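Next comes structure-v4.cif, a file with mmCIF, C-alpha atoms.
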data_start
loop_
_atom_site.group_PDB
_atom_site.id
_atom_site.type_symbol
_atom_site.label_atom_id
_atom_site.label_comp_id
_atom_site.auth_asym_id
_atom_site.auth_seq_id
_atom_site.Cartn_x
_atom_site.Cartn_y
_atom_site.Cartn_z
ATOM 1 C CA MET A 8 -34.624 -49.795 -6.274
ATOM 2 C CA SER A 9 -37.030 -49.559 -9.215
ATOM 3 C CA GLN A 10 -36.503 -47.320 -12.200
ATOM 4 C CA PRO A 11 -38.764 -44.249 -12.472
ATOM 5 C CA ARG A 12 -41.607 -44.758 -14.918
ATOM 6 C CA GLU A 13 -42.326 -42.559 -17.922
ATOM 7 C CA TYR A 14 -45.333 -40.272 -17.520
ATOM 8 C CA THR A 15 -47.484 -39.001 -20.365
ATOM 9 C CA ASN A 16 -48.157 -35.290 -20.749
ATOM 10 C CA ASP A 17 -51.724 -35.824 -19.564
ATOM 11 C CA GLU A 18 -50.497 -37.651 -16.444
ATOM 12 C CA ILE A 19 -48.058 -34.849 -15.681
ATOM 13 C CA LYS A 20 -50.814 -32.244 -16.083
ATOM 14 C CA ASP A 21 -53.063 -34.255 -13.762
ATOM 15 C CA LEU A 22 -50.355 -34.341 -11.084
ATOM 16 C CA GLU A 23 -49.704 -30.618 -11.509
ATOM 17 C CA ASN A 24 -53.428 -30.050 -11.028
ATOM 18 C CA LYS A 25 -53.274 -32.158 -7.850
ATOM 19 C CA SER A 26 -50.453 -29.897 -6.640
ATOM 20 C CA ASN A 27 -52.694 -26.850 -7.078
ATOM 21 C CA LEU A 28 -55.618 -28.642 -5.453
ATOM 22 C CA PHE A 29 -53.444 -29.527 -2.478
ATOM 23 C CA HIS A 30 -52.400 -25.875 -2.126
ATOM 24 C CA ASP A 31 -56.010 -24.685 -2.354
ATOM 25 C CA ALA A 32 -57.104 -27.277 0.206
ATOM 26 C CA LEU A 33 -54.551 -25.914 2.682
ATOM 27 C CA PHE A 34 -55.464 -22.279 2.159
ATOM 28 C CA GLN A 35 -59.242 -22.423 2.239
ATOM 29 C CA LYS A 36 -60.902 -20.736 5.182
ATOM 30 C CA SER A 37 -61.676 -24.219 6.458
ATOM 31 C CA ILE A 38 -58.963 -26.693 5.414
ATOM 32 C CA ASP A 39 -60.350 -29.295 3.013
ATOM 33 C CA GLU A 40 -59.096 -32.492 4.634
ATOM 34 C CA ASN A 41 -61.002 -34.640 2.113
ATOM 35 C CA VAL A 42 -58.819 -33.368 -0.741
ATOM 36 C CA ILE A 43 -55.667 -33.907 1.304
ATOM 37 C CA VAL A 44 -56.706 -37.457 2.208
ATOM 38 C CA ASP A 45 -57.626 -38.236 -1.413
ATOM 39 C CA ILE A 46 -54.336 -36.999 -2.859
ATOM 40 C CA LEU A 47 -52.136 -38.667 -0.245
ATOM 41 C CA SER A 48 -54.072 -41.941 -0.435
ATOM 42 C CA ASN A 49 -54.245 -42.241 -4.208
ATOM 43 C CA THR A 50 -50.767 -41.306 -5.393
ATOM 44 C CA THR A 51 -47.506 -43.215 -5.369
ATOM 45 C CA ASN A 52 -44.418 -41.728 -3.783
ATOM 46 C CA GLU A 53 -43.018 -41.124 -7.253
ATOM 47 C CA GLU A 54 -46.150 -39.160 -8.162
ATOM 48 C CA ARG A 55 -45.953 -37.169 -4.928
ATOM 49 C CA GLN A 56 -42.420 -36.124 -5.866
ATOM 50 C CA ILE A 57 -43.812 -34.636 -9.096
ATOM 51 C CA ILE A 58 -46.491 -32.843 -7.067
ATOM 52 C CA ARG A 59 -43.830 -31.641 -4.629
ATOM 53 C CA SER A 60 -41.546 -30.384 -7.392
ATOM 54 C CA TYR A 61 -44.340 -28.514 -9.184
ATOM 55 C CA TYR A 62 -45.528 -27.024 -5.882
ATOM 56 C CA LYS A 63 -42.112 -25.524 -5.193
ATOM 57 C CA LYS A 64 -41.815 -24.240 -8.752
ATOM 58 C CA THR A 65 -45.275 -22.633 -8.585
ATOM 59 C CA TYR A 66 -45.382 -21.314 -5.023
ATOM 60 C CA LYS A 67 -41.653 -20.668 -4.533
ATOM 61 C CA HIS A 68 -41.236 -22.721 -1.361
ATOM 62 C CA PRO A 69 -41.411 -26.408 -0.363
ATOM 63 C CA ILE A 70 -44.803 -28.033 0.080
ATOM 64 C CA GLN A 71 -43.715 -29.246 3.533
ATOM 65 C CA ASN A 72 -43.448 -25.617 4.710
ATOM 66 C CA ASP A 73 -47.145 -25.028 4.074
ATOM 67 C CA ILE A 74 -48.091 -28.411 5.520
ATOM 68 C CA ASN A 75 -46.151 -27.520 8.659
ATOM 69 C CA SER A 76 -47.845 -24.141 9.045
ATOM 70 C CA LYS A 77 -51.412 -25.098 8.089
ATOM 71 C CA LEU A 78 -51.943 -28.634 9.417
ATOM 72 C CA VAL A 79 -51.643 -29.915 12.981
ATOM 73 C CA ASN A 80 -50.909 -33.058 14.938
ATOM 74 C CA LYS A 81 -50.879 -36.452 13.225
ATOM 75 C CA LEU A 82 -52.284 -35.239 9.895
ATOM 76 C CA LYS A 83 -49.367 -32.819 9.660
ATOM 77 C CA GLU A 84 -46.893 -35.583 10.554
ATOM 78 C CA ILE A 85 -48.136 -38.092 8.010
ATOM 79 C CA ALA A 86 -48.427 -35.496 5.219
ATOM 80 C CA ILE A 87 -44.825 -34.382 5.746
ATOM 81 C CA ASP A 88 -43.694 -38.012 5.886
ATOM 82 C CA MET A 89 -45.460 -38.915 2.654
ATOM 83 C CA PHE A 90 -43.930 -36.057 0.679
ATOM 84 C CA ASP A 91 -40.430 -37.246 1.595
ATOM 85 C CA THR A 92 -38.695 -39.624 -0.764
ATOM 86 C CA PRO A 93 -38.253 -43.068 0.857
ATOM 87 C CA TYR A 94 -34.572 -42.214 1.389
ATOM 88 C CA GLU A 95 -35.256 -38.854 3.024
ATOM 89 C CA TYR A 96 -37.888 -40.443 5.233
ATOM 90 C CA ASP A 97 -35.572 -43.212 6.427
ATOM 91 C CA ALA A 98 -32.773 -40.684 7.003
ATOM 92 C CA ARG A 99 -35.011 -38.576 9.237
ATOM 93 C CA GLU A 100 -36.328 -41.588 11.126
ATOM 94 C CA LEU A 101 -32.819 -42.948 11.686
ATOM 95 C CA HIS A 102 -31.462 -39.603 12.847
ATOM 96 C CA MET A 103 -34.264 -39.309 15.378
ATOM 97 C CA ALA A 104 -33.692 -42.885 16.537
ATOM 98 C CA LEU A 105 -29.891 -42.677 16.747
ATOM 99 C CA ASN A 106 -29.899 -39.352 18.556
ATOM 100 C CA SER A 107 -32.870 -39.738 20.858
ATOM 101 C CA PHE A 108 -32.342 -39.826 24.597
ATOM 102 C CA THR A 109 -33.581 -43.414 24.758
ATOM 103 C CA ASN A 110 -31.872 -44.523 21.508
ATOM 104 C CA ASP A 111 -34.717 -46.120 19.589
ATOM 105 C CA ASP A 112 -33.326 -49.549 18.677
ATOM 106 C CA ASN A 113 -36.633 -50.772 17.265
ATOM 107 C CA THR A 114 -36.580 -48.145 14.512
ATOM 108 C CA ILE A 115 -32.868 -48.651 13.833
ATOM 109 C CA VAL A 116 -33.246 -52.424 13.559
ATOM 110 C CA GLU A 117 -36.396 -52.174 11.420
ATOM 111 C CA ILE A 118 -34.808 -49.962 8.783
ATOM 112 C CA PHE A 119 -31.444 -51.709 8.685
ATOM 113 C CA VAL A 120 -32.758 -55.263 8.449
ATOM 114 C CA SER A 121 -35.502 -54.585 5.884
ATOM 115 C CA ARG A 122 -33.815 -52.264 3.364
ATOM 116 C CA PRO A 123 -31.382 -53.480 0.693
ATOM 117 C CA LYS A 124 -27.836 -52.140 0.515
ATOM 118 C CA ASN A 125 -28.488 -49.875 -2.486
ATOM 119 C CA HIS A 126 -31.346 -48.242 -0.564
ATOM 120 C CA LEU A 127 -29.161 -47.668 2.506
ATOM 121 C CA ASP A 128 -26.450 -46.165 0.287
ATOM 122 C CA ILE A 129 -28.860 -43.421 -0.797
ATOM 123 C CA VAL A 130 -30.189 -43.000 2.741
ATOM 124 C CA ASP A 131 -26.580 -42.338 3.774
ATOM 125 C CA LEU A 132 -26.343 -39.544 1.176
ATOM 126 C CA ALA A 133 -29.634 -38.006 2.320
ATOM 127 C CA TYR A 134 -28.511 -38.261 5.942
ATOM 128 C CA LYS A 135 -25.305 -36.360 5.244
ATOM 129 C CA ASN A 136 -27.176 -33.744 3.236
ATOM 130 C CA PHE A 137 -29.616 -33.161 6.106
ATOM 131 C CA TYR A 138 -27.324 -33.420 9.117
ATOM 132 C CA LYS A 139 -23.775 -32.740 7.832
ATOM 133 C CA ILE A 140 -22.633 -36.038 9.299
ATOM 134 C CA SER A 141 -22.832 -39.414 7.594
ATOM 135 C CA LEU A 142 -25.085 -42.217 8.769
ATOM 136 C CA ARG A 143 -21.973 -44.331 9.182
ATOM 137 C CA GLU A 144 -20.447 -41.830 11.585
ATOM 138 C CA ASP A 145 -23.587 -41.729 13.711
ATOM 139 C CA VAL A 146 -23.774 -45.536 13.744
ATOM 140 C CA GLN A 147 -20.161 -45.750 14.903
ATOM 141 C CA LYS A 148 -21.059 -43.631 17.932
ATOM 142 C CA GLN A 149 -23.402 -46.348 19.221
ATOM 143 C CA GLY A 150 -22.368 -47.760 22.595
ATOM 144 C CA SER A 151 -22.076 -51.454 21.698
ATOM 145 C CA LYS A 152 -19.132 -52.214 19.425
ATOM 146 C CA GLU A 153 -20.652 -55.495 18.174
ATOM 147 C CA TYR A 154 -23.975 -53.778 17.477
ATOM 148 C CA SER A 155 -22.429 -50.934 15.472
ATOM 149 C CA GLN A 156 -20.158 -53.402 13.599
ATOM 150 C CA PHE A 157 -23.208 -55.367 12.555
ATOM 151 C CA LEU A 158 -25.058 -52.266 11.352
ATOM 152 C CA LEU A 159 -22.034 -51.199 9.313
ATOM 153 C CA ALA A 160 -21.719 -54.717 7.880
ATOM 154 C CA ILE A 161 -25.332 -54.507 6.701
ATOM 155 C CA MET A 162 -24.502 -51.224 4.960
ATOM 156 C CA ASP A 163 -21.382 -52.725 3.365
ATOM 157 C CA PHE A 164 -22.656 -56.070 2.113
ATOM 158 C CA GLU A 165 -25.200 -56.711 -0.621
ATOM 159 C CA ARG A 166 -27.158 -59.795 0.379
ATOM 160 C CA PRO A 167 -27.222 -62.413 -2.420
ATOM 161 C CA ILE A 168 -30.572 -62.981 -4.101
ATOM 162 C CA ASP A 169 -30.071 -66.653 -4.932
ATOM 163 C CA GLN A 170 -29.053 -69.674 -2.856
ATOM 164 C CA THR A 171 -25.269 -69.816 -2.440
ATOM 165 C CA ILE A 172 -24.779 -72.872 -0.200
ATOM 166 C CA SER A 173 -25.657 -76.568 -0.329
ATOM 167 C CA GLY A 174 -27.616 -78.545 2.242
ATOM 168 C CA ASN A 175 -24.324 -79.924 3.601
ATOM 169 C CA ASP A 176 -22.934 -76.388 3.923
ATOM 170 C CA ALA A 177 -26.042 -75.410 5.884
ATOM 171 C CA TYR A 178 -25.497 -78.301 8.305
ATOM 172 C CA GLU A 179 -21.845 -77.356 8.805
ATOM 173 C CA THR A 180 -22.802 -73.727 9.509
ATOM 174 C CA ALA A 181 -25.517 -74.844 11.919
ATOM 175 C CA LYS A 182 -23.015 -77.107 13.711
ATOM 176 C CA GLU A 183 -20.624 -74.174 13.990
ATOM 177 C CA LEU A 184 -23.340 -72.008 15.544
ATOM 178 C CA ILE A 185 -24.248 -74.773 17.996
ATOM 179 C CA LYS A 186 -20.639 -75.621 18.843
ATOM 180 C CA ASN A 187 -19.578 -72.047 19.490
ATOM 181 C CA GLY A 188 -22.893 -71.320 21.128
ATOM 182 C CA LEU A 189 -25.020 -68.257 20.569
ATOM 183 C CA LYS A 190 -24.109 -67.272 24.128
ATOM 184 C CA ALA A 191 -20.636 -66.641 22.741
ATOM 185 C CA TYR A 192 -21.972 -63.814 20.584
ATOM 186 C CA GLY A 193 -19.392 -61.069 20.791
ATOM 187 C CA THR A 194 -16.401 -63.407 20.838
ATOM 188 C CA ASP A 195 -16.838 -64.415 17.198
ATOM 189 C CA VAL A 196 -18.754 -61.620 15.528
ATOM 190 C CA ASN A 197 -17.429 -62.619 12.103
ATOM 191 C CA LEU A 198 -19.298 -65.930 12.248
ATOM 192 C CA PHE A 199 -22.561 -64.162 12.952
ATOM 193 C CA LYS A 200 -21.969 -61.587 10.216
ATOM 194 C CA LYS A 201 -21.187 -64.431 7.809
ATOM 195 C CA VAL A 202 -24.468 -66.138 8.645
ATOM 196 C CA PHE A 203 -26.910 -63.278 9.211
ATOM 197 C CA VAL A 204 -25.601 -60.607 6.828
ATOM 198 C CA GLU A 205 -23.827 -62.412 3.981
ATOM 199 C CA LYS A 206 -26.298 -65.232 3.298
ATOM 200 C CA SER A 207 -29.314 -65.105 1.002
ATOM 201 C CA ARG A 208 -32.881 -65.703 2.125
ATOM 202 C CA GLU A 209 -32.719 -69.266 0.792
ATOM 203 C CA ASP A 210 -29.425 -69.850 2.625
ATOM 204 C CA LEU A 211 -30.926 -68.670 5.920
ATOM 205 C CA ILE A 212 -33.905 -70.971 5.473
ATOM 206 C CA LEU A 213 -31.556 -73.953 4.959
ATOM 207 C CA ILE A 214 -29.389 -73.005 7.948
ATOM 208 C CA SER A 215 -32.451 -72.499 10.161
ATOM 209 C CA ARG A 216 -33.845 -75.927 9.210
ATOM 210 C CA ALA A 217 -30.501 -77.609 9.826
ATOM 211 C CA PHE A 218 -30.140 -75.813 13.166
ATOM 212 C CA TYR A 219 -33.549 -77.051 14.300
ATOM 213 C CA GLU A 220 -32.865 -80.644 13.231
ATOM 214 C CA LEU A 221 -29.549 -80.679 15.090
ATOM 215 C CA ASN A 222 -30.558 -78.630 18.141
ATOM 216 C CA LYS A 223 -34.283 -79.476 18.539
ATOM 217 C CA LYS A 224 -34.891 -75.769 19.077
ATOM 218 C CA SER A 225 -35.310 -73.107 16.433
ATOM 219 C CA LEU A 226 -32.545 -70.653 15.669
ATOM 220 C CA TYR A 227 -34.966 -67.779 16.325
ATOM 221 C CA ASP A 228 -35.923 -69.096 19.780
ATOM 222 C CA THR A 229 -32.276 -69.803 20.625
ATOM 223 C CA ILE A 230 -31.340 -66.205 19.799
ATOM 224 C CA ASP A 231 -34.213 -65.075 22.012
ATOM 225 C CA THR A 232 -32.858 -66.966 25.034
ATOM 226 C CA ASP A 233 -29.103 -66.814 24.457
ATOM 227 C CA VAL A 234 -28.362 -63.322 23.111
ATOM 228 C CA GLU A 235 -29.000 -60.136 25.071
ATOM 229 C CA GLY A 236 -30.153 -56.572 24.470
ATOM 230 C CA LYS A 237 -29.637 -54.746 21.191
ATOM 231 C CA ASN A 238 -27.851 -57.656 19.578
ATOM 232 C CA ARG A 239 -30.782 -59.977 20.251
ATOM 233 C CA ARG A 240 -33.209 -57.559 18.557
ATOM 234 C CA LEU A 241 -30.853 -57.153 15.620
ATOM 235 C CA LEU A 242 -30.246 -60.879 15.017
ATOM 236 C CA LYS A 243 -33.926 -61.767 15.444
ATOM 237 C CA GLY A 244 -34.885 -58.936 13.128
ATOM 238 C CA LEU A 245 -32.395 -60.028 10.474
ATOM 239 C CA LEU A 246 -33.597 -63.625 10.587
ATOM 240 C CA PHE A 247 -37.333 -62.880 10.608
ATOM 241 C CA ALA A 248 -37.359 -59.896 8.215
ATOM 242 C CA VAL A 249 -35.211 -61.656 5.607
ATOM 243 C CA ILE A 250 -37.080 -64.980 5.630
ATOM 244 C CA THR A 251 -40.695 -63.732 5.921
ATOM 245 C CA PRO A 252 -40.723 -59.925 5.697
ATOM 246 C CA ALA A 253 -44.496 -59.578 5.249
ATOM 247 C CA GLN A 254 -45.198 -61.623 8.388
ATOM 248 C CA TRP A 255 -42.574 -59.630 10.302
ATOM 249 C CA PHE A 256 -44.200 -56.329 9.313
ATOM 250 C CA ALA A 257 -47.666 -57.680 10.122
ATOM 251 C CA LYS A 258 -46.446 -58.368 13.664
ATOM 252 C CA LYS A 259 -44.913 -54.891 13.876
ATOM 253 C CA ILE A 260 -48.225 -53.307 12.894
ATOM 254 C CA TYR A 261 -50.064 -55.354 15.509
ATOM 255 C CA LYS A 262 -47.604 -54.353 18.234
ATOM 256 C CA SER A 263 -47.770 -50.703 17.177
ATOM 257 C CA ILE A 264 -51.514 -50.466 17.822
ATOM 258 C CA GLN A 265 -51.534 -52.201 21.204
ATOM 259 C CA GLY A 266 -51.786 -50.342 24.469
ATOM 260 C CA PHE A 267 -52.847 -46.814 25.296
ATOM 261 C CA GLY A 268 -52.066 -44.500 22.387
ATOM 262 C CA GLY A 269 -50.071 -47.151 20.525
ATOM 263 C CA ASP A 270 -46.842 -46.462 18.669
ATOM 264 C CA MET A 271 -47.955 -44.166 15.853
ATOM 265 C CA ARG A 272 -44.459 -43.541 14.490
ATOM 266 C CA THR A 273 -43.982 -47.252 13.809
ATOM 267 C CA LEU A 274 -47.485 -47.581 12.364
ATOM 268 C CA PHE A 275 -46.880 -44.608 10.043
ATOM 269 C CA ARG A 276 -43.464 -45.885 8.980
ATOM 270 C CA VAL A 277 -44.517 -49.441 8.202
ATOM 271 C CA LEU A 278 -47.653 -48.488 6.286
ATOM 272 C CA ILE A 279 -45.916 -45.718 4.313
ATOM 273 C CA SER A 280 -42.818 -47.778 3.493
ATOM 274 C CA ARG A 281 -44.621 -51.048 2.625
ATOM 275 C CA SER A 282 -47.795 -49.792 0.940
ATOM 276 C CA GLU A 283 -46.145 -49.981 -2.487
ATOM 277 C CA ILE A 284 -44.150 -53.159 -1.808
ATOM 278 C CA ASP A 285 -46.016 -55.995 -0.082
ATOM 279 C CA MET A 286 -49.087 -54.631 1.686
ATOM 280 C CA TYR A 287 -51.284 -57.368 0.196
ATOM 281 C CA ALA A 288 -49.075 -60.057 1.794
ATOM 282 C CA ILE A 289 -48.906 -58.155 5.102
ATOM 283 C CA ARG A 290 -52.731 -58.063 5.172
ATOM 284 C CA ASP A 291 -52.869 -61.822 4.587
ATOM 285 C CA TYR A 292 -50.392 -62.603 7.373
ATOM 286 C CA TYR A 293 -52.175 -60.205 9.719
ATOM 287 C CA PHE A 294 -55.462 -62.031 9.182
ATOM 288 C CA MET A 295 -53.842 -65.473 9.508
ATOM 289 C CA ASP A 296 -52.118 -64.497 12.775
ATOM 290 C CA ARG A 297 -54.948 -62.465 14.349
ATOM 291 C CA ASP A 298 -58.137 -63.693 12.631
ATOM 292 C CA VAL A 299 -59.128 -60.052 12.161
ATOM 293 C CA ASP A 300 -58.889 -57.673 9.216
ATOM 294 C CA ILE A 301 -56.022 -55.196 9.531
ATOM 295 C CA ARG A 302 -58.416 -52.442 8.434
ATOM 296 C CA ASN A 303 -60.646 -53.038 11.465
ATOM 297 C CA ASP A 304 -57.773 -52.759 13.915
ATOM 298 C CA ILE A 305 -56.418 -49.578 12.330
ATOM 299 C CA GLU A 306 -59.889 -47.993 12.239
ATOM 300 C CA ASN A 307 -60.409 -48.838 15.925
ATOM 301 C CA ASP A 308 -57.033 -47.391 16.950
ATOM 302 C CA THR A 309 -56.979 -44.184 14.877
ATOM 303 C CA ASN A 310 -59.387 -41.427 13.941
ATOM 304 C CA GLY A 311 -59.930 -38.445 11.705
ATOM 305 C CA ALA A 312 -58.205 -37.666 8.422
ATOM 306 C CA TYR A 313 -54.847 -39.203 9.363
ATOM 307 C CA GLY A 314 -56.615 -42.429 10.363
ATOM 308 C CA GLN A 315 -58.374 -42.583 6.994
ATOM 309 C CA ILE A 316 -55.020 -42.214 5.219
ATOM 310 C CA LEU A 317 -53.607 -45.108 7.264
ATOM 311 C CA VAL A 318 -56.627 -47.273 6.469
ATOM 312 C CA ASN A 319 -56.259 -46.448 2.770
ATOM 313 C CA LEU A 320 -52.549 -47.335 2.839
ATOM 314 C CA SER A 321 -53.362 -50.674 4.449
ATOM 315 C CA LEU A 322 -55.680 -51.493 1.539
ATOM 316 C CA LYS A 323 -53.108 -50.915 -1.212
#
Now, as a test, write the supplied structure out as structure tokens.
Amino acid sequence: MSQPREYTNDEIKDLENKSNLFHDALFQKSIDENVIVDILSNTTNEERQIIRSYYKKTYKHPIQNDINSKLVNKLKEIAIDMFDTPYEYDARELHMALNSFTNDDNTIVEIFVSRPKNHLDIVDLAYKNFYKISLREDVQKQGSKEYSQFLLAIMDFERPIDQTISGNDAYETAKELIKNGLKAYGTDVNLFKKVFVEKSREDLILISRAFYELNKKSLYDTIDTDVEGKNRRLLKGLLFAVITPAQWFAKKIYKSIQGFGGDMRTLFRVLISRSEIDMYAIRDYYFMDRDVDIRNDIENDTNGAYGQILVNLSLK
């Protein structure tokens, strides 16, 4: 969680002017989508919070209210999303996922495995503010006890940044996973929490290498064949997103634009949440995996003003 930067008076005035321009673009006889696209594409989330704050001060109601009444369809959705703080956005996405009829595990896993503990702590506060129930309480209502225990463990434990184990420790942990068998997931949840939640990225790389040398099959592939349902998605997500997050998100983007209509919520969420973090690396992995520019695929799968915003986010 980065510290807010200091803005000069001229920068503040420029953002306040953008707030007025955004208002005028919404209330013209014909909505000026070019202004909306430009402002959303060329500001950081921190800058949009200044725009949002000034908008409410000037026009006496939240900017999202006017977006909701004046815009439609996907442009309305992405504009509302982008004026949320990252914590508000994740809280809304998680509430929708946890309380949907189908229970959207892909969204739940994505947010939990890719956000650090201090981020999830603030998401929990936003969640309670919005829905009068904590994120923890909603997680505890999930059907699978092991699944909910794992999600809560992710919220409780701050993953180490540096390597904490030796090569020998990695081999011993790998032997323990092989001996107990990943098929035994659920009988020894603590072992899996110790490995997948409490180890650093470097630790997981060492354990994965040791597992492959001893088992002649990767840890990721073994999870895929030996663990079922929600727990399989969660363990695979933890392993992949911690070791190579940019590659993991590149694959999520590719999957989100496949098939009729694609999965726009996932595409929005990944591009919005990663555009200021590691979009350059995601673009590189996307090209290495697909031999095509991410921009081309997004342009071919989207259209209009919202599509241009997504393309612009992918180029950050």
Residues returned when the PyMOL selection byres ((chain A and resi 37-47) around 10) runs on this file, as a VMD selection string:
chain A and resid 22 25 to 26 28 to 36 48 to 52 54 to 55 58 77 to 78 82 85 to 86 89 to 90 311 to 317 319 to 320
Smallest atom-to-atom distance to A:Asn106: which of A:Arg240, A:Lys201, A:Lys20, A:Lys148, using all atoms listed in the file?
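The shortest atom-to-atom distance to A:Asn106 comes from A:Lys148.
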Result set, the PyMOL selection byres ((chain A and resi 289-298) around 10) on current file, as a ChimeraX atom specification
/A:251-261,278,281-282,284-288,299-302,321-323
Apply the PyMOL selection byres ((chain A and resi 243-247) around 9) to the displayed file and report the matching residues as a list in words.
Val116, Glu117, Phe119, Val120, Ser121, Phe203, Val204, Arg208, Leu211, Ile212, Ser215, Leu226, Tyr227, Asp228, Ile230, Asp231, Asn238, Arg239, Arg240, Leu241, Leu242, Ala248, Val249, Ile250, Thr251, Pro252, Gln254 and Trp255 of chain A
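Reported to one decimal place, the separation of atom CA of A:Ile74 from atom CA of A:Leu101 is 22.0 Å.
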Taking 2 positions as the minimum chain separation for residues in the same chain, which residues sit within 9 Å of A:Asn125 when counting only C-alpha atoms? Answer as a list in words.
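Once the adjacent positions are removed, what remains is Met8, Arg122, Pro123, Leu127, Asp128, Ile129, Val130, Met162 and Glu165 of chain A.
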Would you kindly identify which residues have an atom no farther than 9 Å from (-41.4, -47.1, 4.3), using all atoms listed in the file and the file's own coordinates, and write them out as a ChimeraX atom specification?
/A:93-94,96-97,118,275-283
Quick one, how far is atom CA of A:Glu179 from atom CA of A:Ala217?
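Atom-to-atom, atom CA of A:Glu179 and atom CA of A:Ala217 are spaced 8.7 Å apart.
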Nearest residue to A:Asp210 out of A:Thr92, A:Thr180, A:Asn113, A:Asn222, using all atoms listed in the file?
A:Thr180
Between A:Ile168, A:Ala98, A:Ala160, A:Ile264, which has the minimum distance to A:Thr309 (counting only C-alpha atoms)?
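Closest residue, counting only C-alpha atoms: A:Ile264.
Atom CA of A:Ser60 is found 18.2 Å from atom CA of A:Phe137.
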Centre and edges of the stretch 286-302 of chain A box, axis-aligned, 3 Å extra per side, as AutoDock Vina command-line options:
--center_x -54.0 --center_y -59.0 --center_z 7.3 --size_x 16.2 --size_y 19.0 --size_z 20.2
Nearest residue to A:Ser151 out of A:Asp169, A:Phe199, A:Asp112, A:Ser225, using all atoms listed in the file?
A:Asp112
